[in-house]
$ cat model.txt   # compact mmCIF, C-alpha atoms
# COMPACT_ATOMS: atom_id res chain seq x y z
CA MET A 1 0.00 0.00 0.00
CA MET A 2 2.67 2.47 1.02
CA ILE A 3 4.69 1.62 -2.12
CA LYS A 4 1.65 2.39 -4.26
CA VAL A 5 1.08 5.71 -2.49
CA ALA A 6 4.73 6.68 -2.94
CA ALA A 7 4.63 5.72 -6.62
CA VAL A 8 1.47 7.77 -7.26
CA ALA A 9 2.95 10.77 -5.44
CA VAL A 10 6.23 10.66 -7.35
CA ILE A 11 4.51 10.20 -10.72
CA GLY A 12 2.15 13.05 -9.93
CA ALA A 13 5.04 15.30 -8.96
CA ALA A 14 6.90 14.46 -12.19
CA VAL A 15 3.82 15.15 -14.34
CA SER A 16 3.19 18.38 -12.47
CA VAL A 17 6.75 19.58 -13.01
CA VAL A 18 6.50 18.83 -16.75
CA LEU A 19 3.17 20.64 -17.04
CA ARG A 20 4.24 23.66 -15.02
CA HIS A 21 6.56 24.82 -17.79
CA ILE A 22 4.13 24.49 -20.67
CA LYS A 23 0.69 25.02 -19.10
CA PRO A 24 0.58 25.95 -15.40
CA GLU A 25 -3.24 25.70 -15.23
CA TYR A 26 -3.16 21.92 -15.27
CA CYS A 27 -1.04 21.58 -12.12
CA ILE A 28 -4.14 21.97 -9.92
CA GLY A 29 -5.84 19.18 -11.80
CA VAL A 30 -2.90 16.85 -11.31
CA ALA A 31 -2.78 17.73 -7.60
CA ILE A 32 -6.50 17.03 -7.10
CA ALA A 33 -6.26 13.75 -9.03
CA CYS A 34 -3.29 12.63 -6.90
CA PHE A 35 -5.18 13.54 -3.74
CA VAL A 36 -8.24 11.55 -4.78
CA ILE A 37 -6.22 8.50 -5.85
CA ILE A 38 -4.24 8.41 -2.61
CA MET A 39 -7.40 8.92 -0.57
CA MET A 40 -9.09 6.03 -2.35
CA MET A 41 -6.05 3.85 -1.58
CA ILE A 42 -6.00 4.59 2.13
CA LYS A 43 -9.73 4.84 2.84
CA ASP A 44 -10.07 1.24 3.99
CA ASP A 45 -7.14 1.68 6.39
CA ILE A 46 -8.65 4.89 7.79
CA ALA A 47 -11.89 3.02 8.37
CA ALA A 48 -9.96 0.27 10.18
CA VAL A 49 -8.20 2.83 12.40
CA ILE A 50 -11.51 4.51 13.26
CA ASP A 51 -13.10 1.16 14.08
CA THR A 52 -10.18 0.29 16.36
CA MET A 53 -10.47 3.64 18.12
CA LEU A 54 -14.21 3.19 18.68
CA LEU A 55 -13.75 -0.39 19.86
CA SER A 56 -10.99 0.36 22.37
CA ALA A 57 -12.89 3.39 23.68
CA ASN A 58 -15.92 1.17 24.14
CA GLU A 59 -13.85 -1.35 26.10
CA MET A 60 -12.47 1.38 28.32
CA GLY A 61 -15.95 2.64 29.05
CA ILE A 62 -15.59 6.01 27.34
CA ASP A 63 -18.80 7.42 25.93
CA SER A 64 -18.74 6.88 22.16
CA VAL A 65 -20.14 10.41 21.64
CA TYR A 66 -16.74 11.87 22.46
CA VAL A 67 -14.82 9.56 20.13
CA THR A 68 -17.29 10.25 17.33
CA LEU A 69 -16.76 13.96 17.88
CA ILE A 70 -12.98 13.52 17.65
CA ILE A 71 -13.37 11.58 14.40
CA LYS A 72 -15.62 14.30 12.97
CA ILE A 73 -13.06 16.94 13.90
CA ILE A 74 -10.35 14.91 12.18
CA GLY A 75 -12.54 14.81 9.07
CA VAL A 76 -13.05 18.59 9.13
CA ALA A 77 -9.30 19.11 9.57
CA TYR A 78 -8.61 16.78 6.62
CA LEU A 79 -11.01 18.66 4.33
CA THR A 80 -9.58 21.99 5.42
CA GLN A 81 -6.06 20.80 4.74
CA PHE A 82 -7.10 19.60 1.28
CA ALA A 83 -8.73 22.86 0.23
CA SER A 84 -6.07 25.06 1.78
CA SER A 85 -3.12 23.20 0.26
CA ILE A 86 -4.74 23.20 -3.19
CA CYS A 87 -5.35 26.96 -2.92
CA GLU A 88 -1.82 27.58 -1.72
CA ASP A 89 -0.35 25.54 -4.58
CA ALA A 90 -2.37 27.65 -6.98
CA GLY A 91 -0.72 30.75 -5.55
CA GLU A 92 -3.80 32.00 -3.71
CA LYS A 93 -2.47 32.32 -0.21
CA ALA A 94 -5.26 34.67 0.91
CA ILE A 95 -7.99 32.15 0.05
CA ALA A 96 -6.01 29.39 1.75
CA MET A 97 -5.80 31.44 4.94
CA LYS A 98 -9.55 32.06 4.85
CA VAL A 99 -10.24 28.35 4.41
CA GLU A 100 -8.01 27.53 7.37
CA PHE A 101 -9.74 30.16 9.47
CA ALA A 102 -13.14 28.72 8.57
CA GLY A 103 -11.90 25.26 9.51
CA ARG A 104 -10.71 26.47 12.89
CA ILE A 105 -14.02 28.20 13.59
CA SER A 106 -15.91 25.07 12.58
CA ILE A 107 -13.79 22.90 14.88
CA ILE A 108 -14.30 25.30 17.81
CA LEU A 109 -18.04 25.25 17.13
CA MET A 110 -18.11 21.45 17.11
CA SER A 111 -16.14 21.13 20.34
CA ALA A 112 -17.89 23.97 22.21
CA PRO A 113 -20.29 21.75 24.19
CA LEU A 114 -17.42 19.62 25.48
CA MET A 115 -15.39 22.71 26.34
CA PHE A 116 -18.25 24.15 28.37
CA ALA A 117 -18.79 20.81 30.09
CA VAL A 118 -15.15 20.80 31.21
CA ILE A 119 -15.38 24.42 32.39
CA ASN A 120 -18.56 23.66 34.34
CA LEU A 121 -16.88 20.62 35.92
CA ILE A 122 -13.87 22.67 37.02
CA SER A 123 -15.98 25.51 38.39
CA GLY A 124 -18.07 22.94 40.26
CA ILE A 125 -14.97 21.48 41.93
CA LEU A 126 -13.53 24.88 42.86
CA PRO A 127 -14.91 26.28 46.12
CA MET B 1 -4.85 1.02 -9.40
CA GLY B 2 -4.22 0.69 -13.13
CA THR B 3 -7.36 2.63 -13.96
CA ASP B 4 -6.91 5.08 -11.09
CA ILE B 5 -3.57 6.50 -12.10
CA ASP B 6 -4.73 6.82 -15.71
CA ILE B 7 -6.39 10.13 -14.90
CA ILE B 8 -3.03 11.76 -14.12
CA TYR B 9 -1.66 10.62 -17.47
CA LYS B 10 -4.84 11.80 -19.18
CA ILE B 11 -4.50 15.26 -17.64
CA ALA B 12 -0.84 15.39 -18.68
CA ALA B 13 -1.72 14.34 -22.24
CA ILE B 14 -4.48 16.93 -22.52
CA GLY B 15 -2.12 19.60 -21.21
CA ILE B 16 0.62 18.75 -23.70
CA ILE B 17 -1.79 18.47 -26.65
CA THR B 18 -3.36 21.80 -25.72
CA ALA B 19 0.05 23.44 -25.47
CA VAL B 20 1.02 22.14 -28.92
CA LEU B 21 -2.28 23.28 -30.46
CA TYR B 22 -1.90 26.66 -28.76
CA GLN B 23 1.54 27.18 -30.26
CA LEU B 24 0.44 26.01 -33.71
CA LEU B 25 -2.62 28.27 -33.80
CA LYS B 26 -0.71 31.20 -32.40
CA ASN B 27 2.00 30.88 -35.04
CA SER B 28 -0.59 30.70 -37.79
CA LYS B 29 -2.08 34.03 -36.62
CA HIS B 30 -5.25 32.60 -35.07
CA GLU B 31 -4.95 34.19 -31.64
CA GLU B 32 -8.60 33.88 -30.62
CA LEU B 33 -8.74 30.22 -31.71
CA ALA B 34 -5.63 29.55 -29.66
CA LEU B 35 -7.23 31.08 -26.59
CA MET B 36 -10.40 29.07 -27.12
CA THR B 37 -8.38 25.86 -27.47
CA SER B 38 -6.57 26.36 -24.19
CA LEU B 39 -9.85 27.24 -22.49
CA ALA B 40 -11.53 24.12 -23.90
CA GLY B 41 -8.69 21.92 -22.66
CA LEU B 42 -9.03 23.37 -19.19
CA VAL B 43 -12.80 22.80 -19.20
CA VAL B 44 -12.33 19.19 -20.34
CA VAL B 45 -9.89 18.56 -17.49
CA LEU B 46 -12.24 20.16 -14.97
CA PHE B 47 -15.13 18.01 -16.18
CA MET B 48 -12.91 14.93 -15.82
CA LEU B 49 -12.10 15.96 -12.27
CA LEU B 50 -15.68 16.70 -11.23
CA PRO B 51 -16.72 13.08 -10.53
CA GLN B 52 -13.39 12.52 -8.76
CA ILE B 53 -13.96 15.46 -6.41
CA SER B 54 -17.50 14.29 -5.78
CA LEU B 55 -16.17 10.79 -4.98
CA LEU B 56 -13.61 12.28 -2.58
CA PHE B 57 -16.21 14.33 -0.73
CA THR B 58 -18.71 11.49 -0.44
CA THR B 59 -15.95 9.19 0.82
CA ILE B 60 -14.83 11.69 3.46
CA LYS B 61 -18.43 12.32 4.45
CA SER B 62 -19.23 8.66 4.98
CA LEU B 63 -15.84 7.83 6.51
CA PHE B 64 -15.76 10.49 9.21
CA GLY B 65 -19.54 10.63 9.68
CA LEU B 66 -19.77 14.34 8.92

$ encode --input "model.txt" --output "structure tokens"
Amino acid sequence: MMIKVAAVAVIGAAVSVVLRHIKPEYCIGVAIACFVIIMMMIKDDIAAVIDTMLLSANEMGIDSVYVTLIIKIIGVAYLTQFASSICEDAGEKAIAMKVEFAGRISIILMSAPLMFAVINLISGILP
Amino acid sequence: MGTDIDIIYKIAAIGIITAVLYQLLKNSKHEELALMTSLAGLVVVLFMLLPQISLLFTTIKSLFGL
């Protein structure tokens, strides 16, 4: 699996370098195609990792709501990384920064209930 | 895998063919045709990528339960 991922990445980089000199518009296309191919290769492994996380959390008696939230946040971070790195490769650093900012806000919004629960717990312990 | 990596080669081929056509049309004094050719190549590549992007987003959505 890892050999395949490395091969796809190297081939994509070589194609992108060739295209950058003659037609720079196509570099984004090559980058997106590489991203999708690698994602399709590793999606089963990601699913296995998530299953293992959920299973071990279940054994330890942790509420599965929290683990699901963590997995969702990982997904949001992954999407943000994808969009931001594509924008940055295209030379649009401003758009990339905005995408990252939106991702951060979205993650804070998703984890706000947990954050407030922790703050309430601490303020309940304090005299 | 054999069919997956084909799309990178396809994009590369379309880019090179478009570049050649662009140069040919530009040297034969057809500037607007050259511009249209390069635009058409870009649109073709984007339409090839559209199902891929949709596949990526649906996979991420179902994988992380978003």

$ closest_atom_pairs --input "model.txt" --of "chain B" --to "chain A" --cutoff "6 Å" --atoms "all atoms listed in the file" --output "tab-separated table"
residue	atom	partner	partner_atom	distance
B:Ile8	CA	A:Val30	CA	5.8
B:Leu56	CA	A:Val36	CA	5.8
B:Phe64	CA	A:Lys72	CA	5.4
B:Leu66	CA	A:Lys72	CA	5.8

$ residues_around --input "model.txt" --residues "Leu35 (chain B)" --least-positions-apart "4" --cutoff "8 Å" --atoms "only C-alpha atoms" --output "list in words"
Tyr22, Glu31 and Leu39 of chain B

$ residues_around --input "model.txt" --residues "region 41-49 of chain B" --least-positions-apart "3" --cutoff "9 Å" --atoms "all atoms listed in the file" --output "ChimeraX atom specification"
/A:25-26,29,32-33 /B:7,10-11,14-15,17-18,36-38,52-54

$ atom_distance --input "model.txt" --atom1 "CA of Leu54 (chain A)" --atom2 "CA of Val67 (chain A)"
6.6 Å

$ residues_around --input "model.txt" --residues "Ser85 (chain A)" --least-positions-apart "3" --cutoff "12 Å" --atoms "all atoms listed in the file" --output "number ranges by chain"
A: 28, 31-32, 35, 77-82, 88-100

$ atom_distance --input "model.txt" --atom1 "CA of Ala13 (chain B)" --atom2 "CA of Val10 (chain A)"
17.3 Å

$ atom_distance --input "model.txt" --atom1 "CA of Ala9 (chain A)" --atom2 "CA of Met53 (chain A)"
28.0 Å

$ closest_residue --input "model.txt" --among "A:Met110, A:Met2, A:His21, A:Ala13" --to "Ala19 (chain B)" --atoms "only C-alpha atoms"
A:His21

$ closest_residue --input "model.txt" --among "A:Met60, A:Val65, A:Val17, A:Leu126" --to "Pro113 (chain A)" --atoms "only C-alpha atoms"
A:Val65
